[in-house]
Amino acid sequence: MGRTVTCFLPFSDAGPVKASIASLRSSGLVSKVFVILPANAEGLINGEEAGIITSEGFTSTHAFRKMAEVADSDYVLTYSKGFPLDMGKHALARMIQICEDTGAGMVYSDYYEKKNDAMSPHPVIDYQEGALRDDFNFGSVVLYDCKAFRDACSRMDEEYRYAGHYDLRLKISQKYSLIHIQELLYTEVETDTRKTGEKQFDYVDPRNRAVQAEMEKACTHHLKCIGGWLPPGFRDVSFDDNGFEYDASVVIPVRNRVKTIGDAIRSVLGQKTKYRFNLIVVDNYSTDGTTEIIRSFAGDSRLVHIIPDRKDLGIGGCWNEAVFSESCGRFAIQLDSDDLYIDDTVVTRIVDAFHEQHCAMVVGSYRMVNFDLNEIPPGLIDHREWTPDNGRNNALRINGLGAPRAFYTPVLRNIRVPNVSYGEDYAVGLAISRHYRIGRIYEPLYLCRRWDENSDAVLDVAKANAHNLYKDRIRTIELLARKRMLGGS
């Protein structure tokens, strides 16, 4: 093939690093290997086995600039984990072949995952323009065309400690394609054995705030470069329509939540408020006794129990049933059937926020609890990464906007909720934020119950990939809409 590769990997421990170097060199295509070392770790790796780059961290801008300085081969490979890497036979040659054939700036592949001494395939997903989340899984092995790598590094004009790798990928995508190889080309060790439901809130953990601030800055700069950044400025919204009998409706879509639906209903009917409100429960053909529990509250005239005519509705479709109902109030306020409001003031505080903040959507904050309502880490989720001026841009990077969510009903009726059971709220929030201000309440309004029957508690790789692919598609659609709007199309 005649092509050469310069490889870079972080230092963790001498044994794993040496094993990874040996695996990479076994291809016969590697010209140089460099290990990224912290300043206080010099001498821990033999200079004859690999070159040394001293930097504050493998994800820093400084590290990637140093890599670009020493990379004089046809391709650059990065391996981002500290555990032994096992490249498949001819795997590196295959990556080079596809990178060359497609003219890609970067290629990545599916891989085998070794977890608790068991190996299993781990497919990843295709990259698209809206795949802007900083936790997109490329796997730990990525191959770059060296010219594209050095060009992207030359355009890294901000100094990041944590977001350097993310910034590099965004800059690659501005001029080059990112190609997914649907082949299992290597084996990596996975040490994070938590369930999917335990991982998904890492990005809002207050301990990661410094990381998230850098990621937001990198994403904002990228959106400006590609013509997708929205400057501050919103459409006015007024609430002077008189076509609503109720000021607010709490909406609960439900299917088979016999253990929790009663708690949810009681937390709504117990609200004390100056506003006229009702509760719309959309019962999506429950079979476990949920329907009977809902009917047990029929003596309260505020409860509207809807069983849809159709049987092809997801959570989003159930929301549309409620929102387009004549019973729906001026504001539609979300409550999941697993969860409950934190006290009896929630409806008042949300409706007040609409009027005070002149917004078309309000997002509150919530506290993570177990089934018995005892607080669990990370505790309060307040999405303080949302800022009035840049929140709607940063929303293209993060995986959700928070809860509970509430909407000005006429705006929601105009947009409609996608008929899916995952990401429907995110899609609506993005679409609203394109034109309207989203109000925020940073105090907890909501107890978010995490238990084994949550729809996202334990997902296999295929299901998690499907969810991520859908949210990336939603981002792509929204990004294209914003670029058209900004371009005057």
# chains A, B, ... in the order shown; residues from 1 in each chain; ligands from 1
$ select_by_dssp --residues "stretch 138-348 of chain A" --states "helix (DSSP H, G or I)" --output "PyMOL selection string"
chain A and resi 146-154+164-175+196-199+202-204+206-226+261-269+290-295+315-323+346-348
$ write_last_selection --atoms "C-alpha atoms" --output "mmCIF file, in the first residue's frame"
data_model
loop_
_atom_site.group_PDB
_atom_site.id
_atom_site.type_symbol
_atom_site.label_atom_id
_atom_site.label_comp_id
_atom_site.auth_asym_id
_atom_site.auth_seq_id
_atom_site.Cartn_x
_atom_site.Cartn_y
_atom_site.Cartn_z
ATOM 1 C CA CYS A 146 -2.874 13.948 7.660
ATOM 2 C CA LYS A 147 -3.447 17.016 5.485
ATOM 3 C CA ALA A 148 -6.984 17.371 6.834
ATOM 4 C CA PHE A 149 -5.726 16.841 10.389
ATOM 5 C CA ARG A 150 -3.045 19.493 10.112
ATOM 6 C CA ASP A 151 -5.398 21.900 8.352
ATOM 7 C CA ALA A 152 -8.004 21.519 11.122
ATOM 8 C CA CYS A 153 -5.369 21.979 13.821
ATOM 9 C CA SER A 154 -4.170 25.166 12.091
ATOM 10 C CA GLY A 164 -9.667 20.219 22.030
ATOM 11 C CA HIS A 165 -10.724 16.857 20.588
ATOM 12 C CA TYR A 166 -14.294 18.083 20.079
ATOM 13 C CA ASP A 167 -13.057 21.282 18.446
ATOM 14 C CA LEU A 168 -10.840 19.262 16.095
ATOM 15 C CA ARG A 169 -13.751 17.090 14.969
ATOM 16 C CA LEU A 170 -15.960 20.104 14.327
ATOM 17 C CA LYS A 171 -13.251 21.765 12.268
ATOM 18 C CA ILE A 172 -12.670 18.580 10.271
ATOM 19 C CA SER A 173 -16.401 18.457 9.489
ATOM 20 C CA GLN A 174 -16.409 22.023 8.162
ATOM 21 C CA LYS A 175 -14.323 21.028 5.130
ATOM 22 C CA THR A 196 -27.651 3.593 30.137
ATOM 23 C CA GLY A 197 -30.068 5.321 32.494
ATOM 24 C CA GLU A 198 -27.198 6.024 34.906
ATOM 25 C CA LYS A 199 -24.908 7.513 32.241
ATOM 26 C CA ASP A 202 -23.290 12.972 33.167
ATOM 27 C CA TYR A 203 -23.328 16.113 31.058
ATOM 28 C CA VAL A 204 -25.455 18.012 33.588
ATOM 29 C CA PRO A 206 -22.256 20.103 38.321
ATOM 30 C CA ARG A 207 -18.804 18.549 38.649
ATOM 31 C CA ASN A 208 -18.490 18.663 34.853
ATOM 32 C CA ARG A 209 -19.446 22.341 34.499
ATOM 33 C CA ALA A 210 -15.971 23.499 33.406
ATOM 34 C CA VAL A 211 -15.943 20.844 30.692
ATOM 35 C CA GLN A 212 -19.408 21.812 29.480
ATOM 36 C CA ALA A 213 -18.527 25.510 29.328
ATOM 37 C CA GLU A 214 -15.657 24.712 26.956
ATOM 38 C CA MET A 215 -17.822 22.420 24.839
ATOM 39 C CA GLU A 216 -20.445 25.163 24.493
ATOM 40 C CA LYS A 217 -17.818 27.673 23.403
ATOM 41 C CA ALA A 218 -16.450 25.297 20.749
ATOM 42 C CA CYS A 219 -19.921 24.471 19.431
ATOM 43 C CA THR A 220 -20.959 28.136 19.323
ATOM 44 C CA HIS A 221 -17.872 29.008 17.286
ATOM 45 C CA HIS A 222 -18.616 26.121 14.917
ATOM 46 C CA LEU A 223 -22.213 27.247 14.388
ATOM 47 C CA LYS A 224 -20.977 30.734 13.518
ATOM 48 C CA CYS A 225 -18.542 29.259 11.000
ATOM 49 C CA ILE A 226 -21.227 27.222 9.214
ATOM 50 C CA ILE A 261 -49.873 6.749 37.748
ATOM 51 C CA GLY A 262 -51.844 7.249 40.968
ATOM 52 C CA ASP A 263 -49.003 9.259 42.532
ATOM 53 C CA ALA A 264 -48.724 11.397 39.393
ATOM 54 C CA ILE A 265 -52.451 12.157 39.293
ATOM 55 C CA ARG A 266 -52.603 13.025 42.989
ATOM 56 C CA SER A 267 -49.660 15.420 42.647
ATOM 57 C CA VAL A 268 -51.600 17.324 39.976
ATOM 58 C CA LEU A 269 -55.039 17.345 41.591
ATOM 59 C CA THR A 290 -53.581 1.638 34.812
ATOM 60 C CA THR A 291 -56.941 2.442 33.190
ATOM 61 C CA GLU A 292 -58.834 1.376 36.289
ATOM 62 C CA ILE A 293 -56.676 3.580 38.520
ATOM 63 C CA ILE A 294 -57.327 6.585 36.271
ATOM 64 C CA ARG A 295 -61.068 5.894 36.403
ATOM 65 C CA ILE A 315 -45.814 9.561 23.384
ATOM 66 C CA GLY A 316 -45.736 12.452 20.923
ATOM 67 C CA GLY A 317 -48.962 11.322 19.304
ATOM 68 C CA CYS A 318 -50.603 11.167 22.725
ATOM 69 C CA TRP A 319 -49.469 14.716 23.393
ATOM 70 C CA ASN A 320 -51.156 15.845 20.183
ATOM 71 C CA GLU A 321 -54.386 14.157 21.311
ATOM 72 C CA ALA A 322 -54.312 16.294 24.458
ATOM 73 C CA VAL A 323 -53.145 19.540 22.878
ATOM 74 C CA VAL A 346 -45.903 24.040 40.502
ATOM 75 C CA VAL A 347 -48.771 25.012 38.198
ATOM 76 C CA THR A 348 -48.831 28.541 39.623
#
$ closest_atom_pairs --of "stretch 326-436 of chain A" --to "stretch 118-142 of chain A" --cutoff "10 Å" --atoms "only C-alpha atoms" --output "CSV"
residue,atom,partner,partner_atom,distance
A:Asn394,CA,A:Arg133,CA,9.5
A:Ala395,CA,A:Arg133,CA,9.3
A:Leu396,CA,A:Leu132,CA,6.4
A:Arg397,CA,A:Arg133,CA,4.2
A:Ile398,CA,A:Arg133,CA,5.7
A:Asn399,CA,A:Arg133,CA,7.2
$ closest_atom_pairs --of "stretch 414-447 of chain A" --to "stretch 233-250 of chain A" --cutoff "12 Å" --atoms "only C-alpha atoms" --output "Markdown table"
| residue | atom | partner | partner_atom | distance |
| --- | --- | --- | --- | --- |
| A:Ile432 | CA | A:Phe234 | CA | 10.3 |
| A:Ser433 | CA | A:Phe234 | CA | 8.6 |
| A:Arg434 | CA | A:Phe234 | CA | 8.3 |
| A:His435 | CA | A:Phe234 | CA | 5.5 |
| A:Tyr436 | CA | A:Phe234 | CA | 5.0 |
| A:Arg437 | CA | A:Phe234 | CA | 5.9 |
| A:Ile438 | CA | A:Phe234 | CA | 9.6 |
$ write_last_selection --atoms "N, CA and C atoms" --output "CSV table (one decimal), in the first residue's frame"
chain,number,residue,atom,x,y,z
A,432,ILE,N,-39.3,25.4,18.8
A,432,ILE,CA,-39.8,26.6,19.5
A,432,ILE,C,-38.6,27.6,19.7
A,433,SER,N,-37.5,27.1,20.1
A,433,SER,CA,-36.4,28.1,20.4
A,433,SER,C,-35.8,28.8,19.2
A,434,ARG,N,-36.1,28.3,18.0
A,434,ARG,CA,-35.7,28.9,16.7
A,434,ARG,C,-36.3,30.3,16.7
A,435,HIS,N,-37.5,30.5,17.2
A,435,HIS,CA,-38.2,31.8,17.0
A,435,HIS,C,-38.5,32.5,18.3
A,436,TYR,N,-38.7,31.7,19.4
A,436,TYR,CA,-39.3,32.2,20.6
A,436,TYR,C,-38.4,32.0,21.8
A,437,ARG,N,-38.6,32.9,22.8
A,437,ARG,CA,-37.8,32.8,24.0
A,437,ARG,C,-38.3,31.6,24.8
A,438,ILE,N,-37.4,30.9,25.4
A,438,ILE,CA,-37.8,29.8,26.4
A,438,ILE,C,-37.5,30.3,27.8
$ select_by_dssp --residues "stretch 26-201 of chain A" --states "strand (DSSP E)" --output "short mmCIF file (atom, residue, chain, number, x, y, z; two decimals) with C-alpha atoms, in the first residue's frame"
data_model
loop_
_atom_site.label_atom_id
_atom_site.label_comp_id
_atom_site.auth_asym_id
_atom_site.auth_seq_id
_atom_site.Cartn_x
_atom_site.Cartn_y
_atom_site.Cartn_z
CA VAL A 30 2.98 2.67 11.44
CA SER A 31 5.96 4.97 10.98
CA LYS A 32 5.87 6.69 14.36
CA VAL A 33 4.05 6.39 17.69
CA PHE A 34 3.81 9.21 20.21
CA VAL A 35 2.57 9.03 23.78
CA ILE A 36 0.97 12.11 25.33
CA LEU A 37 2.37 12.54 28.83
CA GLY A 51 8.09 9.54 20.96
CA ILE A 52 7.00 11.72 23.86
CA ILE A 53 4.73 14.77 23.75
CA THR A 54 4.30 16.61 27.03
CA TYR A 75 -2.35 9.51 7.93
CA VAL A 76 -2.79 10.19 11.62
CA LEU A 77 -4.37 7.73 14.06
CA THR A 78 -5.52 8.55 17.57
CA TYR A 79 -6.36 6.00 20.23
CA ASP A 86 -6.17 -4.93 19.93
CA MET A 87 -6.30 -3.93 16.26
CA MET A 106 -11.67 11.21 9.06
CA VAL A 107 -12.85 7.58 9.28
CA TYR A 108 -14.05 5.54 12.24
CA SER A 109 -15.46 2.04 12.62
CA ASP A 110 -17.53 -0.36 14.64
CA TYR A 111 -15.58 -2.34 17.21
CA TYR A 112 -15.64 -5.17 19.70
CA GLU A 113 -16.14 -4.17 23.30
CA LYS A 114 -14.53 -6.16 26.09
CA LYS A 115 -16.47 -5.67 29.32
CA ALA A 118 -16.81 -10.78 27.83
CA MET A 119 -16.56 -9.57 24.23
CA SER A 120 -19.48 -8.23 22.25
CA PRO A 121 -19.92 -6.22 19.02
CA HIS A 122 -20.41 -2.49 19.48
CA VAL A 141 -9.71 4.57 17.26
CA VAL A 142 -9.98 7.31 14.64
CA LEU A 143 -7.94 7.68 11.45
CA TYR A 144 -7.43 11.10 9.83
CA ASP A 145 -6.01 12.16 6.51
CA LEU A 178 -16.48 11.87 8.27
CA ILE A 179 -17.00 8.27 7.15
CA HIS A 180 -18.34 5.45 9.31
CA ILE A 181 -17.00 1.98 8.42
CA GLN A 182 -19.61 -0.60 9.36
CA GLU A 183 -17.01 -3.23 10.13
CA LEU A 184 -15.64 -4.46 13.47
CA LEU A 185 -12.01 -3.45 13.14
CA TYR A 186 -10.60 -3.52 16.68
CA THR A 187 -11.26 -4.45 20.30
CA GLU A 188 -11.30 -1.94 23.13
CA VAL A 189 -11.82 -2.38 26.86
#
$ closest_residue --among "A:Leu445, A:Val362, A:Leu313, A:Val461" --to "A:Val417" --atoms "only C-alpha atoms"
A:Leu313
$ closest_residue --among "A:Tyr470, A:Phe354, A:Tyr446, A:Tyr408" --to "A:Gly379" --atoms "only C-alpha atoms"
A:Tyr446
$ closest_residue --among "A:Leu230, A:Val70, A:Leu479, A:Leu486" --to "A:Asp389" --atoms "only C-alpha atoms"
A:Leu230
$ atom_distance --atom1 "atom CA of A:Ile333" --atom2 "atom CA of A:His358"
16.2 Å
$ residues_around --residues "A:His383" --least-positions-apart "2" --cutoff "7 Å" --atoms "only C-alpha atoms" --output "ChimeraX atom specification"
/A:204,381,385-386,402
